[in-house]
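Colleague: Hey, dropping structure19.pdb in here, PDB, C-alpha atoms:
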```
ATOM      1  CA  MET A   1     159.350  38.627 -82.463
ATOM      2  CA  LEU A   2     160.261  35.094 -83.641
ATOM      3  CA  LYS A   3     160.695  33.452 -80.230
ATOM      4  CA  ASP A   4     157.934  30.970 -79.392
ATOM      5  CA  LYS A   5     156.650  31.252 -82.966
ATOM      6  CA  LEU A   6     159.465  30.316 -85.364
ATOM      7  CA  TYR A   7     161.608  28.734 -82.638
ATOM      8  CA  ILE A   8     161.399  27.559 -79.040
ATOM      9  CA  ILE A   9     164.295  27.635 -76.587
ATOM     10  CA  LYS A  10     164.758  24.109 -75.214
ATOM     11  CA  GLU A  11     167.972  24.606 -73.274
ATOM     12  CA  LYS A  12     170.365  27.400 -72.344
ATOM     13  CA  GLN A  13     173.923  27.134 -71.003
ATOM     14  CA  GLU A  14     175.724  30.346 -70.195
ATOM     15  CA  THR A  15     179.024  31.643 -68.906
ATOM     16  CA  GLU A  16     180.066  35.231 -68.301
ATOM     17  CA  SER A  17     180.889  36.011 -71.939
ATOM     18  CA  ASP A  18     179.051  33.413 -74.011
ATOM     19  CA  CYS A  19     175.933  31.325 -74.166
ATOM     20  CA  VAL A  20     174.721  28.270 -76.075
ATOM     21  CA  TRP A  21     171.050  27.634 -76.780
ATOM     22  CA  ARG A  22     169.368  24.504 -78.096
ATOM     23  CA  LEU A  23     166.379  25.497 -80.216
ATOM     24  CA  THR A  24     163.535  23.664 -81.894
ATOM     25  CA  LEU A  25     162.326  25.188 -85.152
ATOM     26  CA  ASN A  26     158.612  25.266 -85.958
ATOM     27  CA  ALA A  27     158.442  23.745 -89.450
ATOM     28  CA  SER A  28     154.777  24.781 -89.759
ATOM     29  CA  HIS A  29     155.506  28.516 -89.292
ATOM     30  CA  PRO A  30     154.116  30.609 -92.200
ATOM     31  CA  VAL A  31     157.595  31.884 -93.165
ATOM     32  CA  TYR A  32     158.364  28.401 -94.502
ATOM     33  CA  GLU A  33     155.367  28.477 -96.840
ATOM     34  CA  ALA A  34     156.911  31.446 -98.638
ATOM     35  CA  HIS A  35     160.534  30.293 -98.283
ATOM     36  CA  PHE A  36     159.953  27.839-100.017
ATOM     37  CA  ALA A  37     156.740  25.813-100.339
ATOM     38  CA  GLY A  38     157.582  22.133-100.628
ATOM     39  CA  ASN A  39     161.238  22.744 -99.726
ATOM     40  CA  PRO A  40     161.265  24.929 -96.588
ATOM     41  CA  VAL A  41     164.503  26.756 -95.776
ATOM     42  CA  THR A  42     165.199  29.070 -92.839
ATOM     43  CA  PRO A  43     165.790  32.551 -94.320
ATOM     44  CA  GLY A  44     169.093  34.272 -93.561
ATOM     45  CA  ALA A  45     167.231  37.312 -92.230
ATOM     46  CA  CYS A  46     165.470  35.048 -89.715
ATOM     47  CA  ILE A  47     168.799  33.572 -88.618
ATOM     48  CA  VAL A  48     170.155  37.078 -87.969
ATOM     49  CA  GLN A  49     166.973  37.979 -86.051
ATOM     50  CA  ILE A  50     167.257  34.802 -83.955
ATOM     51  CA  ILE A  51     170.839  35.740 -83.041
ATOM     52  CA  LYS A  52     169.704  39.226 -81.977
ATOM     53  CA  GLU A  53     166.804  37.852 -79.917
ATOM     54  CA  LEU A  54     169.009  35.285 -78.177
ATOM     55  CA  ALA A  55     171.559  37.989 -77.325
ATOM     56  CA  GLU A  56     168.678  40.010 -75.845
ATOM     57  CA  ASP A  57     167.698  36.936 -73.819
ATOM     58  CA  PHE A  58     171.298  36.565 -72.593
ATOM     59  CA  LEU A  59     171.678  40.240 -71.640
ATOM     60  CA  ASN A  60     168.063  40.743 -70.549
ATOM     61  CA  ARG A  61     167.707  43.979 -72.524
ATOM     62  CA  THR A  62     166.625  45.228 -75.936
ATOM     63  CA  LEU A  63     169.349  45.482 -78.570
ATOM     64  CA  HIS A  64     169.574  47.240 -81.926
ATOM     65  CA  ILE A  65     171.740  45.931 -84.752
ATOM     66  CA  ASN A  66     174.378  48.470 -85.815
ATOM     67  CA  ALA A  67     176.022  46.332 -88.477
ATOM     68  CA  VAL A  68     176.262  42.831 -89.851
ATOM     69  CA  LYS A  69     180.052  42.594 -90.062
ATOM     70  CA  ASN A  70     180.464  39.158 -91.539
ATOM     71  CA  THR A  71     177.949  36.439 -92.326
ATOM     72  CA  LYS A  72     178.681  33.065 -93.875
ATOM     73  CA  PHE A  73     175.809  30.722 -94.643
ATOM     74  CA  LEU A  74     177.632  27.413 -94.950
ATOM     75  CA  ASN A  75     174.708  24.974 -95.048
ATOM     76  CA  VAL A  76     170.952  25.315 -95.407
ATOM     77  CA  VAL A  77     168.761  24.927 -92.319
ATOM     78  CA  HIS A  78     165.813  22.763 -93.356
ATOM     79  CA  PRO A  79     163.288  22.921 -90.493
ATOM     80  CA  LYS A  80     161.973  19.408 -91.172
ATOM     81  CA  THR A  81     165.369  17.676 -91.212
ATOM     82  CA  ASN A  82     167.266  20.113 -88.946
ATOM     83  CA  ASN A  83     164.486  21.087 -86.573
ATOM     84  CA  GLU A  84     166.887  21.158 -83.600
ATOM     85  CA  ILE A  85     169.788  23.559 -83.876
ATOM     86  CA  MET A  86     172.298  25.066 -81.495
ATOM     87  CA  VAL A  87     173.311  28.715 -81.384
ATOM     88  CA  ARG A  88     176.491  29.855 -79.667
ATOM     89  CA  ILE A  89     177.048  33.564 -79.100
ATOM     90  CA  ASN A  90     180.207  35.111 -77.715
ATOM     91  CA  LEU A  91     179.926  38.724 -76.545
ATOM     92  CA  GLN A  92     182.733  41.248 -76.581
ATOM     93  CA  THR A  93     182.618  44.949 -75.806
ATOM     94  CA  VAL A  94     183.872  46.981 -78.770
ATOM     95  CA  GLU A  95     183.383  50.423 -77.254
ATOM     96  CA  LYS A  96     181.017  52.068 -74.814
ATOM     97  CA  ASN A  97     177.504  50.653 -75.414
ATOM     98  CA  ILE A  98     178.626  48.712 -78.527
ATOM     99  CA  LEU A  99     178.925  44.922 -78.396
ATOM    100  CA  SER A 100     180.224  42.445 -80.927
ATOM    101  CA  LEU A 101     178.246  39.208 -81.196
ATOM    102  CA  SER A 102     180.207  36.361 -82.722
ATOM    103  CA  SER A 103     177.775  33.525 -83.382
ATOM    104  CA  THR A 104     177.726  30.017 -84.778
ATOM    105  CA  ILE A 105     174.591  28.073 -85.746
ATOM    106  CA  PHE A 106     175.181  24.325 -85.752
ATOM    107  CA  ASP A 107     173.992  20.862 -84.800
ATOM    108  CA  LYS A 108     175.967  17.764 -83.826
ATOM    109  CA  GLU A 109     177.412  17.280 -87.311
ATOM    110  CA  THR A 110     176.998  20.498 -89.301
ATOM    111  CA  VAL A 111     177.841  24.192 -89.032
ATOM    112  CA  PHE A 112     175.041  26.085 -90.768
ATOM    113  CA  ALA A 113     176.169  29.685 -90.374
ATOM    114  CA  LYS A 114     178.665  32.015 -88.750
ATOM    115  CA  CYS A 115     177.782  35.627 -88.158
ATOM    116  CA  ILE A 116     179.337  38.659 -86.504
ATOM    117  CA  LEU A 117     177.002  41.511 -85.566
ATOM    118  CA  THR A 118     177.605  44.728 -83.723
ATOM    119  CA  VAL A 119     174.746  45.851 -81.514
ATOM    120  CA  ARG A 120     173.977  48.641 -79.125
TER
END
```
Take the structure in this file and express it as structure tokens.

Modeller:
Amino acid sequence: MLKDKLYIIKEKQETESDCVWRLTLNASHPVYEAHFAGNPVTPGACIVQIIKELAEDFLNRTLHINAVKNTKFLNVVHPKTNNEIMVRINLQTVEKNILSLSSTIFDKETVFAKCILTVR
């Protein structure tokens, strides 16, 4: 949905239970005109969607969000000044067909957000 439009995957490093992606954000995407013109900020809903899409990429299957357990937006992601971000997702099985995604969005110096989702 947002992949290759709002962001592009530049690099992917994975292990059995986690994965780290390096992404480039598209500062000219229309979402930034509405959020906010002249001072573009990556919406929290888009960050959650990116996490879901990257988990789908990691698992190679479609996922559905059951719950957003905990989300902390610690710093704003400005696509013009922070156009390259990293996303780390750790996967844990909660119960049959339910996974917990513990994610961190960051760059070399800043943690932008931490989010825990459950998906099926």

Colleague: Could you tell me, as an MDAnalysis selection string, exactly which residues end up selected when the PyMOL selection byres ((chain A and resi 78-82) around 7) is applied to this structure?

Modeller: chainID A and resid 25:27 40:42 76:77 83:85

Colleague: May I ask which of the residues A:Phe58, A:Phe112, A:Tyr32, A:Phe106 is the closest one to Asp18 (chain A), counting all atoms listed in the file?

Modeller: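 Result for the nearest residue to Asp18 (chain A): A:Phe58.
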
Colleague: Kindly give the distance, in Å, that separates CA of Arg88 (chain A) and CA of Asp57 (chain A), rounded to a single decimal.

Modeller: 12.7 Å

Colleague: Which residues come within 12 Å of Asn97 (chain A), counting all atoms listed in the file, excluding same-chain residues fewer than 6 positions away, as a PDB file with C-alpha atoms, in the frame of the given file?

Modeller:
```pdb
ATOM      1  CA  LEU A  63     169.349  45.482 -78.570  1.00  0.00           C
ATOM      2  CA  HIS A  64     169.574  47.240 -81.926  1.00  0.00           C
ATOM      3  CA  ILE A  65     171.740  45.931 -84.752  1.00  0.00           C
ATOM      4  CA  ASN A  66     174.378  48.470 -85.815  1.00  0.00           C
ATOM      5  CA  THR A 118     177.605  44.728 -83.723  1.00  0.00           C
ATOM      6  CA  VAL A 119     174.746  45.851 -81.514  1.00  0.00           C
ATOM      7  CA  ARG A 120     173.977  48.641 -79.125  1.00  0.00           C
TER       8      ARG A 120
END
```

Colleague: Could you tell me which residues the PyMOL selection byres ((chain A and resi 89) around 7) grabs in this file, written as a ChimeraX atom specification?

Modeller: /A:18-20,87-88,90-91,101-104

Colleague: Convert the current residue selection to file output with C-alpha atoms, as a CSV table (one decimal), in the frame of the given file.

Modeller:
```
chain,number,residue,atom,x,y,z
A,18,ASP,CA,179.1,33.4,-74.0
A,19,CYS,CA,175.9,31.3,-74.2
A,20,VAL,CA,174.7,28.3,-76.1
A,87,VAL,CA,173.3,28.7,-81.4
A,88,ARG,CA,176.5,29.9,-79.7
A,90,ASN,CA,180.2,35.1,-77.7
A,91,LEU,CA,179.9,38.7,-76.5
A,101,LEU,CA,178.2,39.2,-81.2
A,102,SER,CA,180.2,36.4,-82.7
A,103,SER,CA,177.8,33.5,-83.4
A,104,THR,CA,177.7,30.0,-84.8
```

Colleague: Please write the residues picked by the PyMOL selection byres ((chain A and resi 69) around 8) on this file as a PDB file with C-alpha atoms, keeping the file's coordinate frame.

Modeller:
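Ended up saving to out_36.pdb:
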```pdb
ATOM      1  CA  ALA A  67     176.022  46.332 -88.477  1.00  0.00           C
ATOM      2  CA  VAL A  68     176.262  42.831 -89.851  1.00  0.00           C
ATOM      3  CA  ASN A  70     180.464  39.158 -91.539  1.00  0.00           C
ATOM      4  CA  THR A  71     177.949  36.439 -92.326  1.00  0.00           C
ATOM      5  CA  CYS A 115     177.782  35.627 -88.158  1.00  0.00           C
ATOM      6  CA  ILE A 116     179.337  38.659 -86.504  1.00  0.00           C
ATOM      7  CA  LEU A 117     177.002  41.511 -85.566  1.00  0.00           C
ATOM      8  CA  THR A 118     177.605  44.728 -83.723  1.00  0.00           C
TER       9      THR A 118
END
```

Colleague: When you count all atoms listed in the file, which of these residues is closest to Gln92 (chain A): A:Cys46, A:Leu74, A:Ala55, A:Val111?

Modeller: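 Going through A:Cys46, A:Leu74, A:Ala55, A:Val111 one by one, the smallest distance to Gln92 (chain A) is for A:Ala55.
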